[in-house]
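Enquirer: This is the content of entry_3.txt (compact mmCIF, C-alpha atoms and all ligand atoms):
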# COMPACT_ATOMS: atom_id res chain seq x y z
CA MET S 20 98.88 98.95 94.68
CA ILE S 21 98.43 100.53 98.17
CA LYS S 22 98.83 104.23 98.67
CA ALA S 23 98.38 105.97 102.01
CA GLU S 24 98.20 109.75 101.97
CA ASN S 25 98.55 112.00 105.02
CA LEU S 26 97.02 109.56 107.47
CA VAL S 27 96.26 110.95 110.89
CA LYS S 28 94.82 109.04 113.85
CA LYS S 29 94.34 110.41 117.33
CA PHE S 30 93.11 108.63 120.42
CA GLY S 31 91.77 111.36 122.70
CA SER S 32 94.49 113.95 122.98
CA SER S 33 97.34 111.65 121.92
CA THR S 34 98.35 111.32 118.30
CA ALA S 35 99.07 107.70 117.34
CA VAL S 36 99.75 108.39 113.65
CA ASN S 37 100.76 111.84 112.51
CA SER S 38 100.32 112.54 108.82
CA ILE S 39 102.07 109.61 107.23
CA THR S 40 102.32 108.93 103.52
CA PHE S 41 103.67 105.81 101.86
CA GLU S 42 103.19 103.50 98.90
CA VAL S 43 103.48 99.75 98.49
CA LYS S 44 103.99 98.29 95.05
CA GLU S 45 102.36 95.09 93.83
CA GLY S 46 104.28 92.04 95.06
CA GLU S 47 106.32 94.09 97.50
CA ASN S 48 106.88 93.33 101.17
CA LEU S 49 106.91 96.55 103.20
CA VAL S 50 107.87 96.21 106.85
CA LEU S 51 106.64 98.77 109.40
CA LEU S 52 109.39 98.85 112.00
CA GLY S 53 109.69 100.81 115.21
CA THR S 54 109.60 100.72 118.98
CA SER S 55 106.47 99.98 120.99
CA GLY S 56 103.73 102.58 120.64
CA CYS S 57 105.10 104.29 117.52
CA GLY S 58 101.88 103.69 115.55
CA LYS S 59 102.64 100.56 113.49
CA THR S 60 99.54 98.55 114.39
CA THR S 61 97.27 101.58 114.08
CA THR S 62 98.65 102.15 110.57
CA LEU S 63 98.12 98.51 109.60
CA ARG S 64 94.57 98.41 110.95
CA MET S 65 93.62 101.51 109.00
CA ILE S 66 94.36 99.57 105.79
CA ASN S 67 91.65 96.98 106.44
CA ARG S 68 89.38 99.53 108.11
CA LEU S 69 89.51 98.02 111.58
CA ILE S 70 90.45 101.60 112.50
CA GLU S 71 89.20 104.64 110.57
CA PRO S 72 91.67 107.53 110.20
CA ASP S 73 90.69 111.02 111.40
CA SER S 74 91.98 112.35 108.11
CA GLY S 75 93.89 111.17 105.08
CA THR S 76 93.08 108.60 102.42
CA ILE S 77 94.10 105.07 101.55
CA PHE S 78 93.88 103.85 97.97
CA LEU S 79 93.87 100.22 96.95
CA ASN S 80 94.55 99.87 93.23
CA GLY S 81 93.66 103.53 92.80
CA THR S 82 90.30 103.30 94.60
CA ASP S 83 89.59 104.94 97.96
CA ILE S 84 89.02 102.03 100.37
CA ARG S 85 86.06 103.89 101.89
CA SER S 86 84.11 103.20 98.71
CA GLN S 87 83.78 99.54 99.75
CA GLN S 88 81.98 97.98 102.72
CA PRO S 89 84.67 96.98 105.27
CA GLU S 90 83.55 93.32 105.15
CA VAL S 91 83.90 93.22 101.37
CA LEU S 92 87.25 95.01 101.48
CA ARG S 93 88.59 92.51 104.04
CA ARG S 94 87.88 89.52 101.81
CA GLY S 95 90.67 90.74 99.53
CA ILE S 96 93.04 91.46 102.42
CA GLY S 97 94.41 88.59 104.51
CA TYR S 98 95.23 89.43 108.13
CA VAL S 99 97.71 87.50 110.28
CA LEU S 100 98.03 88.30 113.96
CA GLN S 101 100.72 87.70 116.56
CA ASN S 102 98.55 85.32 118.59
CA HIS S 103 97.25 83.70 115.36
CA GLY S 104 93.66 84.93 115.99
CA LEU S 105 92.14 81.44 115.69
CA PHE S 106 88.76 80.82 117.30
CA PRO S 107 89.39 78.46 120.23
CA HIS S 108 86.03 76.71 120.04
CA TYR S 109 86.39 75.92 116.31
CA THR S 110 88.54 73.08 115.01
CA VAL S 111 91.43 73.94 112.70
CA ALA S 112 89.35 72.84 109.68
CA GLU S 113 86.43 75.06 110.78
CA ASN S 114 88.74 77.99 111.43
CA ILE S 115 90.30 77.96 107.99
CA ALA S 116 86.92 77.48 106.27
CA ILE S 117 85.36 80.69 107.64
CA VAL S 118 86.06 83.07 104.76
CA PRO S 119 85.60 80.46 101.97
CA ARG S 120 82.16 79.65 103.43
CA LEU S 121 81.26 83.34 103.43
CA LEU S 122 82.20 83.31 99.75
CA LYS S 123 79.99 80.22 99.26
CA TRP S 124 82.77 77.82 98.31
CA ASP S 125 81.63 74.18 98.29
CA ASN S 126 83.12 71.60 100.68
CA GLU S 127 85.25 69.98 98.02
CA ALA S 128 86.87 73.29 96.98
CA ILE S 129 87.58 74.13 100.63
CA ARG S 130 89.12 70.70 101.25
CA LYS S 131 91.31 70.92 98.14
CA ARG S 132 92.64 74.37 98.97
CA ALA S 133 93.22 73.44 102.62
CA ASP S 134 95.14 70.30 101.59
CA GLU S 135 97.28 72.37 99.22
CA LEU S 136 98.14 74.92 101.92
CA PHE S 137 98.74 72.28 104.58
CA GLN S 138 101.25 70.65 102.31
CA LYS S 139 103.00 73.93 101.48
CA LEU S 140 103.10 74.98 105.13
CA ASN S 141 104.32 71.60 106.39
CA LEU S 142 101.21 70.97 108.47
CA ASP S 143 100.13 67.41 109.15
CA PRO S 144 96.57 66.84 107.79
CA SER S 145 95.61 65.13 111.08
CA LEU S 146 95.73 68.56 112.77
CA LYS S 147 92.57 69.60 110.94
CA ASP S 148 90.30 67.91 113.49
CA LYS S 149 92.08 69.39 116.50
CA PHE S 150 91.28 72.56 118.41
CA PRO S 151 93.90 75.38 118.32
CA ALA S 152 94.89 74.84 121.97
CA ALA S 153 96.16 71.34 121.09
CA LEU S 154 98.70 72.77 118.61
CA SER S 155 102.20 74.11 119.24
CA GLY S 156 102.86 77.85 118.83
CA GLY S 157 104.56 77.26 115.47
CA GLN S 158 101.67 75.10 114.24
CA GLN S 159 99.11 77.68 115.37
CA GLN S 160 101.01 80.36 113.47
CA ARG S 161 101.10 78.23 110.33
CA VAL S 162 97.35 77.56 110.61
CA GLY S 163 96.77 81.31 111.09
CA LEU S 164 98.69 81.93 107.89
CA ALA S 165 96.85 79.13 106.06
CA ARG S 166 93.55 80.70 107.10
CA SER S 167 94.57 84.09 105.76
CA LEU S 168 95.70 82.54 102.46
CA MET S 169 92.68 80.29 101.83
CA VAL S 170 90.92 82.58 99.32
CA ASN S 171 94.26 83.79 97.94
CA PRO S 172 93.86 87.50 98.73
CA PRO S 173 96.23 89.74 96.76
CA VAL S 174 97.15 91.69 99.90
CA LEU S 175 98.32 90.36 103.25
CA LEU S 176 98.66 92.35 106.47
CA MET S 177 100.81 90.70 109.14
CA ASP S 178 101.00 92.09 112.67
CA GLU S 179 104.03 90.68 114.53
CA PRO S 180 103.34 87.30 112.89
CA PHE S 181 106.27 85.60 114.63
CA GLY S 182 106.07 87.56 117.89
CA ALA S 183 104.67 84.75 120.03
CA LEU S 184 107.26 82.16 118.99
CA ASP S 185 110.48 81.20 120.73
CA ASN S 186 113.65 82.45 119.11
CA LEU S 187 114.70 79.31 117.26
CA THR S 188 111.25 78.54 115.88
CA ARG S 189 111.00 82.16 114.89
CA ILE S 190 114.19 82.12 112.87
CA SER S 191 113.36 78.92 110.99
CA ILE S 192 109.69 79.76 110.34
CA ARG S 193 110.71 83.20 109.06
CA ARG S 194 113.15 81.66 106.60
CA GLU S 195 110.51 79.23 105.42
CA PHE S 196 107.83 81.93 105.00
CA ARG S 197 110.23 84.10 103.05
CA LEU S 198 110.64 81.41 100.40
CA LEU S 199 107.01 80.29 100.29
CA ASP S 200 105.65 80.72 96.75
CA GLU S 201 102.22 81.79 98.07
CA LEU S 202 103.88 84.76 99.80
CA VAL S 203 106.51 85.70 97.21
CA LYS S 204 103.91 87.08 94.81
CA LYS S 205 101.74 88.82 97.41
CA THR S 206 101.69 92.45 98.41
CA ILE S 207 102.52 92.35 102.11
CA ILE S 208 102.64 94.90 104.88
CA MET S 209 104.19 93.46 107.99
CA VAL S 210 104.57 95.01 111.44
CA THR S 211 107.49 94.17 113.67
CA HIS S 212 109.66 95.72 116.35
CA ASP S 213 112.42 93.20 115.61
CA VAL S 214 115.13 94.82 113.50
CA GLN S 215 116.66 91.53 112.33
CA GLU S 216 113.24 90.31 111.24
CA ALA S 217 112.61 93.51 109.30
CA PHE S 218 115.90 93.14 107.47
CA GLU S 219 115.24 89.50 106.64
CA MET S 220 111.68 89.93 105.46
CA GLY S 221 111.37 93.42 103.99
CA ASP S 222 111.91 94.51 100.41
CA ARG S 223 111.59 97.97 101.92
CA ILE S 224 111.42 99.09 105.52
CA CYS S 225 109.36 101.98 106.88
CA LEU S 226 110.99 103.03 110.13
CA MET S 227 108.51 104.84 112.38
CA ASP S 228 108.91 106.87 115.55
CA LYS S 229 106.26 108.71 117.58
CA GLY S 230 103.61 108.31 114.89
CA GLU S 231 105.83 109.58 112.10
CA ILE S 232 107.89 108.00 109.34
CA ARG S 233 111.60 108.69 109.74
CA GLN S 234 112.69 106.89 106.56
CA ILE S 235 111.35 104.45 103.99
CA GLY S 236 113.82 102.51 101.89
CA THR S 237 115.46 99.21 101.14
CA PRO S 238 117.43 97.66 103.98
CA GLU S 239 120.60 98.72 102.16
CA GLU S 240 119.42 102.34 101.87
CA LEU S 241 118.62 102.56 105.57
CA LEU S 242 121.95 101.06 106.55
CA PHE S 243 124.29 102.70 104.10
CA HIS S 244 122.38 105.96 103.48
CA PRO S 245 120.45 106.77 106.68
CA ALA S 246 118.30 109.87 106.23
CA ASN S 247 119.06 111.17 109.71
CA GLU S 248 120.77 110.41 113.00
CA PHE S 249 117.72 108.66 114.40
CA ILE S 250 117.97 105.95 111.72
CA ALA S 251 121.73 105.51 112.14
CA ASP S 252 121.38 105.24 115.94
CA PHE S 253 118.43 102.87 115.69
CA LEU S 254 120.40 100.42 113.55
CA ASN S 255 123.86 100.90 114.99
CA GLU S 256 123.85 98.25 117.68
CA GLN S 257 123.24 95.41 115.24
CA ARG S 258 124.96 96.98 112.27
CA LEU S 259 127.26 94.18 111.09
CA GLN S 260 124.60 91.49 111.20
CA LEU S 261 122.14 93.77 109.42
CA GLU S 262 124.67 94.59 106.72
CA LEU S 263 125.23 90.89 106.11
CA LYS S 264 121.47 90.39 105.85
CA SER S 265 120.85 93.33 103.55
CA VAL S 266 123.52 92.58 100.94
CA PHE S 267 122.78 89.71 98.56
CA LEU S 268 125.10 87.16 97.05
CA THR S 269 124.04 88.26 93.55
CA GLU S 270 125.46 91.70 94.35
CA ILE S 271 128.89 90.66 95.52
CA LEU S 272 129.60 87.32 93.83
CA PRO S 273 127.21 86.94 90.88
CA GLU S 274 129.18 83.94 89.60
CA TYR S 275 128.02 81.95 92.64
CA SER S 276 124.41 83.01 92.40
CA ALA S 277 122.34 80.49 90.52
CA ASP S 278 119.38 81.26 92.74
CA ARG S 279 117.93 84.31 91.06
CA ASN S 280 114.23 84.05 91.55
CA ASP S 281 112.04 85.34 88.72
CA ASN S 282 109.21 86.08 91.14
CA ASP S 283 111.43 88.30 93.21
CA HIS S 284 110.65 91.76 91.88
CA SER S 285 113.60 93.27 93.69
CA ASP S 286 115.73 91.04 91.44
CA ARG S 287 118.39 90.63 94.08
CA GLY S 288 118.08 86.88 94.48
CA THR S 289 116.98 85.25 97.68
CA VAL S 290 120.26 84.48 99.40
CA SER S 291 121.83 87.17 101.55
CA VAL S 292 125.50 87.16 102.55
CA TRP S 293 124.27 86.16 106.01
CA ASP S 294 122.33 83.17 104.60
CA GLN S 295 125.32 82.09 102.55
CA MET S 296 127.58 82.34 105.57
CA GLU S 297 125.20 80.08 107.53
CA ILE S 298 125.15 77.60 104.65
CA LEU S 299 128.95 77.46 104.53
CA LEU S 300 129.22 77.12 108.31
CA GLN S 301 126.65 74.34 108.40
CA ARG S 302 128.48 72.50 105.66
CA LYS S 303 131.72 72.86 107.56
CA ASN S 304 130.03 71.30 110.58
CA ASN S 305 128.45 68.59 108.44
CA THR S 306 124.91 69.62 109.34
CA PRO S 307 122.22 69.58 106.63
CA ARG S 308 122.27 72.45 104.18
CA LEU S 309 119.66 75.15 104.41
CA GLN S 310 119.32 75.39 100.69
CA ASP S 311 120.49 73.15 97.91
CA SER S 312 119.87 75.31 94.90
CA ILE S 313 123.01 77.38 95.12
CA ALA S 314 125.89 77.00 92.73
CA ASP S 315 128.50 77.76 95.38
CA GLU S 316 131.01 74.99 94.74
CA GLY S 317 134.43 76.22 95.84
CA LEU S 318 133.11 79.25 97.75
CA THR S 319 134.72 79.73 101.15
CA ILE S 320 133.84 81.97 104.08
CA GLU S 321 137.08 83.90 103.52
CA ARG S 322 136.19 84.55 99.88
CA LEU S 323 132.68 85.61 100.88
CA MET S 324 133.91 88.03 103.54
CA SER S 325 136.54 89.49 101.27
CA ALA S 326 133.93 90.12 98.54
CA PHE S 327 131.65 91.67 101.15
CA SER S 328 134.31 94.06 102.39
CA THR S 329 135.23 95.04 98.79
CA TYR S 330 131.53 95.73 98.18
CA LYS S 331 131.33 97.94 101.26
CA LYS S 332 134.26 100.05 100.11
CA ARG S 333 132.57 100.81 96.78
N1 LIG V 401 92.27 101.90 120.98
C1 LIG V 401 93.15 102.75 121.48
N2 LIG V 401 92.79 103.66 122.42
C2 LIG V 401 93.66 104.53 122.91
N3 LIG V 401 94.96 104.60 122.57
C3 LIG V 401 95.39 103.73 121.64
C4 LIG V 401 94.50 102.76 121.06
N4 LIG V 401 95.21 102.02 120.17
C5 LIG V 401 96.48 102.50 120.20
N5 LIG V 401 96.58 103.52 121.08
C6 LIG V 401 97.79 104.31 121.37
O1 LIG V 401 98.31 104.75 120.13
C7 LIG V 401 99.73 104.67 120.11
C8 LIG V 401 100.18 103.79 118.96
O2 LIG V 401 99.77 102.45 119.20
P1 LIG V 401 100.09 101.25 118.19
O3 LIG V 401 99.45 100.03 118.76
O4 LIG V 401 99.72 101.65 116.83
O5 LIG V 401 101.67 101.17 118.32
P2 LIG V 401 102.65 100.02 117.85
O6 LIG V 401 103.79 100.71 117.22
O7 LIG V 401 101.94 99.01 117.04
O8 LIG V 401 103.12 99.42 119.23
P3 LIG V 401 103.29 97.89 119.70
O9 LIG V 401 104.48 97.38 118.98
O10 LIG V 401 103.49 98.02 121.18
O11 LIG V 401 102.01 97.18 119.33
C9 LIG V 401 100.13 104.15 121.48
O12 LIG V 401 100.47 105.23 122.29
C10 LIG V 401 98.89 103.46 121.98
O13 LIG V 401 98.83 103.49 123.37
Give the structure from this file in structure tokens form.
Expert:
Amino acid sequence: MIKAENLVKKFGSSTAVNSITFEVKEGENLVLLGTSGCGKTTTLRMINRLIEPDSGTIFLNGTDIRSQQPEVLRRGIGYVLQNHGLFPHYTVAENIAIVPRLLKWDNEAIRKRADELFQKLNLDPSLKDKFPAALSGGQQQRVGLARSLMVNPPVLLMDEPFGALDNLTRISIRREFRLLDELVKKTIIMVTHDVQEAFEMGDRICLMDKGEIRQIGTPEELLFHPANEFIADFLNEQRLQLELKSVFLTEILPEYSADRNDNDHSDRGTVSVWDQMEILLQRKNNTPRLQDSIADEGLTIERLMSAFSTYKKR
């Protein structure tokens, strides 16, 4: 779906992106991960031509993106920014109508699509008449996402989409976004410097350093088969939590996994060992369950951990 070949971008004498090559399949969520300044945002912005590479080529569905006007290209590529990118002097309704109006949608079509997205994103319809400054950070982020999804672009670029949120909001909004049907089927490239976030959201992770790619692979591949010492060191501090997030219930206890999601091209289900552990802990504490669709009757934390450690020894 997206193919980047030998991309190079320099700013003056410093090289932000140094000959990187990667591919993203249709429906896949690729996370660009790395420390500040390693070239993630520059890479992302080359895909919607906000930045032009010095050399290298990007193909979208086999076509060089330079063959399209940037404005036309961007209508098929949603873009979600850390600080939501909403225009402060436009109401929420006006903000989300910008691209549909460019595409000459009528008012009724815009209203219908906005209502649908507001419902899916748990946004109260009364927010439509407000200005962005009157919304909470989480609401602003949801509106930013709604805006990028209005015309249902097949590709979505997300630059630190949860970066401006407090930790708790961040964790819950991330979980919600991950299960959102509008996002499950999209091809997504997401930038983050948060390792946990990358492991929760990414089908594959592209770990960058100093403008170069050190490894691209599934969370499991990076953790259990790091390509070099840099990768192992980068992940080491949070290893156990990452392992729990990167292994799925379907892989260790298929008999308890009634949640296999047909839209999930990775075919690993949607519940990680970490998620399942949280569900069991919440149940133990009598707090509401995170997810009700799981056939986990009789599953205990001990059983889960024992299956996880057997899996790791394989
Ligand atoms: N417009 C610009 N002019 C000059 N230098 C730039 C410009 N944009 C980025 N850079 C430099 O290019 C390098 C890569 O920046 P980039 O924003 O892509 O990194 P990043 O990995 O996204 O970092 P962060 O997580 O801090 O946003 C950095 O050294 C940055 O200072």
Enquirer: Work out how far apart atom CA of S:Thr188 and atom CA of S:Val170 are and give it in Å to one decimal.
Expert: 26.5 Å
Enquirer: Check the smallest atom-to-atom distance from each of S:Thr82, S:Ser328, S:Gln101, S:Gln87 to ligand LIG 401 (chain V) using only C-alpha atoms and all ligand atoms, then report the winner.
Expert: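 Result for the nearest residue to ligand LIG 401 (chain V): S:Gln101.
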Enquirer: Can you tell me which residues sit at most 9 Å away from ligand LIG 401 (chain V), counting only C-alpha atoms and all ligand atoms, written as a short mmCIF file (atom, residue, chain, number, x, y, z; two decimals) with C-alpha atoms, in the coordinates of the input?
Expert:
data_model
loop_
_atom_site.label_atom_id
_atom_site.label_comp_id
_atom_site.auth_asym_id
_atom_site.auth_seq_id
_atom_site.Cartn_x
_atom_site.Cartn_y
_atom_site.Cartn_z
CA LYS S 28 94.82 109.04 113.85
CA LYS S 29 94.34 110.41 117.33
CA PHE S 30 93.11 108.63 120.42
CA GLY S 31 91.77 111.36 122.70
CA SER S 33 97.34 111.65 121.92
CA THR S 34 98.35 111.32 118.30
CA ALA S 35 99.07 107.70 117.34
CA VAL S 36 99.75 108.39 113.65
CA LEU S 51 106.64 98.77 109.40
CA LEU S 52 109.39 98.85 112.00
CA GLY S 53 109.69 100.81 115.21
CA THR S 54 109.60 100.72 118.98
CA SER S 55 106.47 99.98 120.99
CA GLY S 56 103.73 102.58 120.64
CA CYS S 57 105.10 104.29 117.52
CA GLY S 58 101.88 103.69 115.55
CA LYS S 59 102.64 100.56 113.49
CA THR S 60 99.54 98.55 114.39
CA THR S 61 97.27 101.58 114.08
CA THR S 62 98.65 102.15 110.57
CA LEU S 63 98.12 98.51 109.60
CA ARG S 64 94.57 98.41 110.95
CA ILE S 70 90.45 101.60 112.50
CA ASP S 178 101.00 92.09 112.67
CA GLU S 179 104.03 90.68 114.53
CA VAL S 210 104.57 95.01 111.44
CA THR S 211 107.49 94.17 113.67
CA HIS S 212 109.66 95.72 116.35
CA MET S 227 108.51 104.84 112.38
CA ASP S 228 108.91 106.87 115.55
CA LYS S 229 106.26 108.71 117.58
CA GLY S 230 103.61 108.31 114.89
#
Enquirer: What does the distance from atom CA of S:Leu226 to atom CA of S:Ala23 come to in Å, to one decimal?
Expert: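 Separation between atom CA of S:Leu226 and atom CA of S:Ala23: 15.3 Å.
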Enquirer: Within 12 Å of (86.0, 77.9, 106.9) (file coordinates; all atoms listed in the file), which protein or nucleic acid residues are there? I'd like them as a PyMOL selection string.
Expert: chain S and resi 105-106+109-130+132-133+147+162+165-170
Enquirer: Rounded to one decimal, what separation in Å do you get between atom CA of S:Pro173 and atom CA of S:Ile21?
Expert: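 The value is 11.1 Å.
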Enquirer: What lies within 8 Å of S:Leu299 using only C-alpha atoms, ignoring chain neighbours under 3 positions off, as an MDAnalysis selection string?
Expert: chainID S and resid 295:296 302:303 319:320
Enquirer: Would you pick out the contacts of S:Gly81 at 12 Å or less, using only C-alpha atoms, so that residues sharing its chain but fewer than 5 positions from it are not included, and give the list as a CSV table (one decimal) with C-alpha atoms, in the frame of the given file?
Expert:
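Resulting contents of around-v6.csv:
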chain,number,residue,atom,x,y,z
S,20,MET,CA,98.9,99.0,94.7
S,21,ILE,CA,98.4,100.5,98.2
S,22,LYS,CA,98.8,104.2,98.7
S,23,ALA,CA,98.4,106.0,102.0
S,24,GLU,CA,98.2,109.8,102.0
S,42,GLU,CA,103.2,103.5,98.9
S,43,VAL,CA,103.5,99.8,98.5
S,44,LYS,CA,104.0,98.3,95.0
S,76,THR,CA,93.1,108.6,102.4
S,86,SER,CA,84.1,103.2,98.7
Enquirer: Mind checking which residues fall within 8 Å of S:Val50, counting all atoms listed in the file, ignoring those fewer than 5 positions away in the same chain, and posting them as a PyMOL selection string?
Expert: chain S and resi 208-211+217+220-225
Enquirer: For S:Arg194, which of S:Leu26, S:Leu176, S:Val99, S:Thr289 is the closest residue, counting all atoms listed in the file?
Expert: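 That would be S:Thr289, the residue with the smallest distance to S:Arg194.
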Enquirer: Mind checking which residues fall within 7 Å of S:Glu219, counting only C-alpha atoms, ignoring those fewer than 3 positions away in the same chain, and posting them as a PyMOL selection string?
Expert: chain S and resi 215-216+264
Enquirer: Suppose we keep C-alpha atoms; can you now write the selection as a tab-separated table (two decimals), keeping the file's coordinate frame?
Expert:
chain	number	residue	atom	x	y	z
S	215	GLN	CA	116.66	91.53	112.33
S	216	GLU	CA	113.24	90.31	111.24
S	264	LYS	CA	121.47	90.39	105.85
Enquirer: Can you work out which one of S:Arg258, S:Lys331, S:Lys205, S:His244 has the shortest atom-to-atom distance to S:Gly97, counting only C-alpha atoms?
Expert: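 Among the listed residues, S:Lys205 lies closest to S:Gly97.
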Enquirer: With distances taken over only C-alpha atoms, which residue among S:Ser265, S:Asn102, S:Ser32, S:Asn171 lies nearest S:Ser155?
Expert: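 Looking only at the distances to S:Ser155, the closest residue turns out to be S:Asn102.
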Enquirer: Pick out the closest residue to S:Thr269 from this set: S:Phe218, S:Ala153, S:Leu323, S:Glu71. Count all atoms listed in the file.
Expert: S:Leu323
Enquirer: Taking all atoms listed in the file into account, name the residue in S:Ile207, S:Ile84, S:Leu198, S:Ala246 that is nearest to S:Pro72.
Expert: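 Comparing S:Ile207, S:Ile84, S:Leu198, S:Ala246 against S:Pro72, the winner is S:Ile84.
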Enquirer: Give me, as a PyMOL selection string, all polymer residues having an atom no more than 8 Å from stretch 325-327 of chain S, counting all atoms listed in the file and skipping those fewer than 6 positions away in the same chain.
Expert: chain S and resi 271-272+292
